[in-house]
Every structure is written in C-alpha cells, then in structure tokens.
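Asks: One structure coming up, written as structure tokens, with questions to follow.
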Amino acid sequence: MYNKTTSANFLKYGKPIKTIIAQNELNHNDYDLTSKTIDKVFYYDCDIYVVVNSGMGMLIIYDDGNYLEYAIHRHVNLKKNIRFAIVPMDDCVNVTIYTPNNAKIYTEIPNNPYTFKEIRSSMHISRIIAYYYVVKGPDYKFDGEIHNFYELTYVDNGCLNTTIDNEEYTLSTHDLCLYAPKQFHAQKVASNGSCSYLTIIFEMNGNINPSIFNRVFNCNKETVSLIEQLAKNTDSTMPYVNDNQICLLESIIIKLLQYDYESEYIKPTTNINQYFEDKLLEEITSYINDHLYEPLPIDQICSAFSISRSSLQNLFKDNLHTSPKQYINELKLARSKVLIRQSQYTISAISNMLGYASIHYFSRKFTQRYGIAPSEYARKIYDN
C-alpha cells in the first residue's frame, strides 16, 4: 500500500499545501520525467515546493540509506536538506519545482540505485476454450491427446491416474495438475469406484514458471474455494460472468505459481488460546465426520465436548466463518453427492443414511444448495 504526501508520517519531510504563497516571487523549473530508476538524489538548503502538472508522480525520500515512497498528492512543501527524487507512476510526469531566488541545490549519490516497481500482470489468461465436469466409472480410460492449449484437471472425488509425457501421476480428491501446450496427456480412473473431475482448457501467455508442470498439487482450502466458485458460475447469467471466470482461473494459476513459496513466508505466531481452539475444532469436526450418518443435533455435540451452545457457535464463526449447523448440512449434502455418484443406493436410502427426517426435506435442501433435485442429478450421471 502506497503512502501519500498527505500521510501523517510525511510531516517529518514536508507537508501538503493547497496553494503556493508569493508564487510570483519564486524561481521555477519544469521537468518531464520518464525514467523509473534513479541513481542520484537532490536536496536544497531551503524549503522548496513541488507541483505536479500532469501525470502521476512518486516522491522518493532518501533517509538514512533507505528509500521511502510517497505518491504526490496536492502541492508539496518540502523541507530543506531533505534528499529526494521524483519518478513517474505512469509513463511520464511533468512537475514544477519552485525555489527561492537564493536557493542552492546539491546532489548525493546513494549506495544503491532505486527503481520504482510498477504493479503489472506478469501472466494473463486470454480465453477459456472449454470446461467440463465429468463423472467416470472404474473402467474409464482416455488414450490421450496433444493440443496447443493449457489444460487443468481437478479431481473433485475419487482417484485418477494421468500420464504426462510417458510418466504416470496419481490425483486423489482435491488434487490438481496442469498440462502445458503440446504436452501429451492421458487419463484413466484409478480406483474401483467412480471418479468426478473438472477439466478446463484455456489460452494463457506471460511469465509462466515451468515448475508448475509435471507435478500434482494438493489444493488447500483457499484454492478449492476458488475452484468451487468457478464451477458454480458456469451457469450464471449475471453480467461480466465471463470476466469473473477468467479472474478466478487466473487466481487459481497464481496460487499454483506461489505454491512452493508459501512455506517460506513468516507466519504469525499462534497464541495459546488459538492453539487450544484449533485442537478443539479439530476434535469436533472429526466427531461430526464420524457421526455424519446420524441426525446429529447441536445439543449432542455440546454434550459430547462439555461446551455451551454459544461457545460452539463462536468457535465455528471465528475459525470457519460458518455455523455448526451449516457446516454439518454442507458436509451431509457433499456426502450425498458422493453416494449418488456411486449409484449403489436409492435417493430415499441416502436420505435415511444421512439422518434426514424425510426424503422431501433432503430433496429440498439438496435442490437449494446445488440448484438441481437429487433425482435429476442422479439421472444426469446415469445419462453421462
């Protein structure tokens, strides 16, 4: 986040002003600045004034060997002996520097040059060619192909083997791999059950680190959430939905490009209270998973862990940003999709297995969550 010359911490070096008093009595020089790199700084033996006439300028203060950035906002009264330079934030900035008649300017060479780092995209997805969500049985095998685009495969449930340039990789639930253009790839279901996965074929250009190819990524919660948002938006009629799809896919690719660096980031120290909250939450979510095929009222969880209802609500809200009831419902509905895909049970049996009061209540909840009735969802899988 950039500081501005109107920031409180800029007062050490100068201050913003609305007008320059006695402007006609001052000398002035105009400068067209295009270079974003500086190897020398300037200072005056008196206060001076800086005015931006066109473009956007960054005032660089050189203080005790450090470069400090301040986006120029309003006219600036700069104190004497403050080492400074100005670089354009866009392509060019035109500035006027006003000085008293007797002002003297000095130059200093810093130990290291400075370059203004623009915020630019280093990669861009120009279009999505195709995307598919498929459910394949245990005998499915795709002999392979080569094409000119990038291709992403994300396993939603099950296990998939993929061959990339004669080397085999295994993708389990929430795993992802990326194929490069002109890279041979084949796929086959790697388990006795069904496998559901998402495929996205797209065009991308820019600085793409080759380390994201020929490997399997296990997606964290944030990446899975991005993939789920992208999948949900495929049938949306909202304006700019295609732009949103591109942005979500770019965010997913960026997460892959950052994958190997995340462990190097300094993470905040977990305090004692958070540590015990995490442990308790882990035990409760494990308990929910173990009792998912039961009605599982909230009072049962409170009793099992000797915790009040309000404390349980706060625990889930603060750490998972949801309520315990919503968390259980999401888990049950997700499990119901897996059971439907397995085609071993009727919709009524699945409703009973997951502890719903009636098949009608289960059907209503399923339809509200996924926009399709469970019977229709099962029929689509059968048709595919």
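In the structure tokens, the first chain shown is A, the next is B, and so on; residue numbers restart at 1 for each chain, and ligands run from 1 in the order shown.
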Within 9 Å of Arg369 in chain A, counting only C-alpha atoms, which residues qualify if same-chain residues fewer than 4 places away don't, as a list in words?
Replies: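 Returned residues: Glu330, Leu333, Arg364 and Lys365 of chain A.
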Asks: Using only C-alpha atoms, determine which residues lie at most 12 Å from range 335-351 of chain A, disregarding the query and same-chain residues fewer than 4 positions distant; provide the list as a short mmCIF file (atom, residue, chain, number, x, y, z; two decimals) with C-alpha atoms, in the first residue's frame.
Replies:
data_model
loop_
_atom_site.label_atom_id
_atom_site.label_comp_id
_atom_site.auth_asym_id
_atom_site.auth_seq_id
_atom_site.Cartn_x
_atom_site.Cartn_y
_atom_site.Cartn_z
CA VAL A 134 -17.45 -35.41 -15.72
CA VAL A 135 -18.12 -38.49 -13.64
CA LYS A 136 -16.37 -41.61 -14.93
CA GLY A 137 -16.70 -45.22 -13.84
CA PRO A 138 -13.89 -47.56 -12.77
CA ASP A 156 -13.44 -33.46 -7.04
CA ASN A 157 -13.87 -37.01 -5.78
CA GLY A 158 -12.16 -40.32 -6.36
CA THR A 173 -9.59 -35.96 -4.09
CA ASN A 192 -12.88 -49.42 -8.11
CA GLY A 193 -15.32 -46.55 -7.61
CA SER A 194 -16.27 -43.62 -9.77
CA CYS A 195 -14.16 -40.50 -10.20
CA SER A 196 -15.51 -36.98 -10.77
CA ASN A 289 -17.40 -36.81 10.33
CA LEU A 292 -22.36 -37.97 9.78
CA TYR A 293 -24.80 -40.85 9.18
CA GLU A 294 -26.88 -39.71 12.16
CA PRO A 295 -29.33 -36.83 12.73
CA ILE A 328 -23.00 -30.19 9.17
CA ASN A 329 -25.54 -29.54 6.40
CA GLU A 330 -22.76 -28.79 3.90
CA LEU A 331 -20.92 -31.95 4.87
CA GLY A 355 -30.20 -38.89 9.11
CA TYR A 356 -32.68 -36.62 7.31
CA ALA A 357 -36.18 -36.55 8.74
CA SER A 358 -37.74 -37.24 5.33
CA ILE A 359 -36.78 -37.61 1.68
CA HIS A 360 -38.76 -34.46 0.91
CA TYR A 361 -36.69 -32.40 3.37
CA PHE A 362 -33.45 -33.88 1.96
CA SER A 363 -34.57 -33.18 -1.61
CA ARG A 364 -35.43 -29.57 -0.76
CA LYS A 365 -32.06 -28.95 0.92
CA PHE A 366 -30.16 -30.60 -1.95
CA THR A 367 -32.01 -28.51 -4.54
CA ARG A 369 -27.71 -25.98 -2.35
CA TYR A 370 -26.94 -27.28 -5.85
CA ILE A 372 -30.87 -29.38 -9.09
CA ALA A 373 -33.02 -32.08 -7.49
CA PRO A 374 -31.12 -35.21 -6.32
CA SER A 375 -33.17 -37.41 -8.65
CA GLU A 376 -32.29 -35.19 -11.63
CA TYR A 377 -28.63 -35.14 -10.55
CA ALA A 378 -28.62 -38.94 -10.47
CA ARG A 379 -30.30 -39.09 -13.89
CA LYS A 380 -27.64 -36.80 -15.41
CA ILE A 381 -24.88 -39.03 -14.08
CA TYR A 382 -26.62 -42.09 -15.49
CA ASP A 383 -27.05 -40.39 -18.88
CA ASN A 384 -23.39 -39.39 -18.96
#
Asks: Just want the 9 Å neighbourhood of His124 in chain A, counted on only C-alpha atoms, with same-chain residues fewer than 5 positions away dropped. Output as a count of residues only.
Replies: 7
Asks: Running DSSP on the backbone, which parts of range 187-380 of chain A land in helix (DSSP H, G or I), as JSON, numbers by chain?
Replies: {"A": [210, 211, 212, 221, 222, 223, 224, 225, 226, 227, 228, 229, 230, 231, 232, 233, 234, 235, 241, 242, 243, 244, 245, 246, 247, 248, 249, 250, 251, 252, 253, 254, 255, 256, 257, 262, 263, 264, 272, 273, 274, 275, 276, 277, 278, 279, 280, 281, 282, 283, 284, 285, 286, 287, 288, 289, 290, 298, 299, 300, 301, 302, 303, 304, 305, 309, 310, 311, 312, 313, 314, 315, 316, 317, 318, 319, 320, 324, 325, 326, 327, 328, 329, 330, 331, 332, 333, 334, 335, 336, 337, 338, 339, 340, 341, 342, 347, 348, 349, 350, 351, 352, 353, 359, 360, 361, 362, 363, 364, 365, 366, 367, 368, 369, 370, 374, 375, 376, 377, 378, 379, 380]}
Asks: Based on the backbone DSSP call, show me all residues of range 150-315 of chain A assigned strand (DSSP E or B), as a CSV table (one decimal) with C-alpha atoms, in the first residue's frame.
Replies:
chain,number,residue,atom,x,y,z
A,150,TYR,CA,-3.1,-25.2,-21.3
A,151,GLU,CA,-5.3,-27.8,-19.6
A,152,LEU,CA,-6.2,-28.0,-15.9
A,153,THR,CA,-7.6,-31.2,-14.3
A,154,TYR,CA,-9.0,-31.0,-10.8
A,155,VAL,CA,-10.3,-34.2,-9.0
A,156,ASP,CA,-13.4,-33.5,-7.0
A,157,ASN,CA,-13.9,-37.0,-5.8
A,160,LEU,CA,-7.4,-40.5,-11.4
A,161,ASN,CA,-4.2,-41.6,-13.0
A,162,THR,CA,-2.7,-39.3,-15.6
A,163,THR,CA,0.2,-40.0,-17.9
A,164,ILE,CA,2.2,-36.9,-18.9
A,167,GLU,CA,5.4,-40.5,-16.7
A,168,GLU,CA,2.4,-41.5,-14.6
A,169,TYR,CA,0.9,-39.4,-11.8
A,170,THR,CA,-2.0,-40.1,-9.4
A,171,LEU,CA,-4.5,-37.5,-8.5
A,175,ASP,CA,-5.6,-32.8,-6.3
A,176,LEU,CA,-4.9,-30.8,-9.4
A,177,CYS,CA,-2.4,-31.0,-12.3
A,178,LEU,CA,-1.7,-28.7,-15.2
A,179,TYR,CA,-0.8,-29.7,-18.7
A,185,HIS,CA,-1.5,-36.5,-21.6
A,186,ALA,CA,-3.7,-39.5,-21.0
A,187,GLN,CA,-6.1,-40.4,-18.1
A,188,LYS,CA,-7.8,-43.3,-16.5
A,189,VAL,CA,-9.8,-43.9,-13.3
A,195,CYS,CA,-14.2,-40.5,-10.2
A,196,SER,CA,-15.5,-37.0,-10.8
A,197,TYR,CA,-13.2,-34.3,-12.0
A,198,LEU,CA,-13.2,-30.8,-13.6
A,199,THR,CA,-11.3,-30.1,-16.9
A,200,ILE,CA,-10.6,-26.5,-18.1
A,201,ILE,CA,-8.8,-25.8,-21.4
A,202,PHE,CA,-7.5,-22.3,-21.8
A,203,GLU,CA,-5.2,-19.9,-23.5
A,204,MET,CA,-2.5,-18.2,-21.4
A,205,ASN,CA,0.5,-16.0,-22.0
A,206,GLY,CA,3.2,-14.3,-20.0
A,217,PHE,CA,-0.8,-30.1,-6.4
A,218,ASN,CA,-2.8,-30.9,-3.3
Asks: Given the choices A:Asn111, A:Ser172, A:Gln313, A:Asn77, which gets closest to Phe10 in chain A if the distance is worked out from only C-alpha atoms?
Replies: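 Under the stated criterion, the closest residue is A:Asn77.
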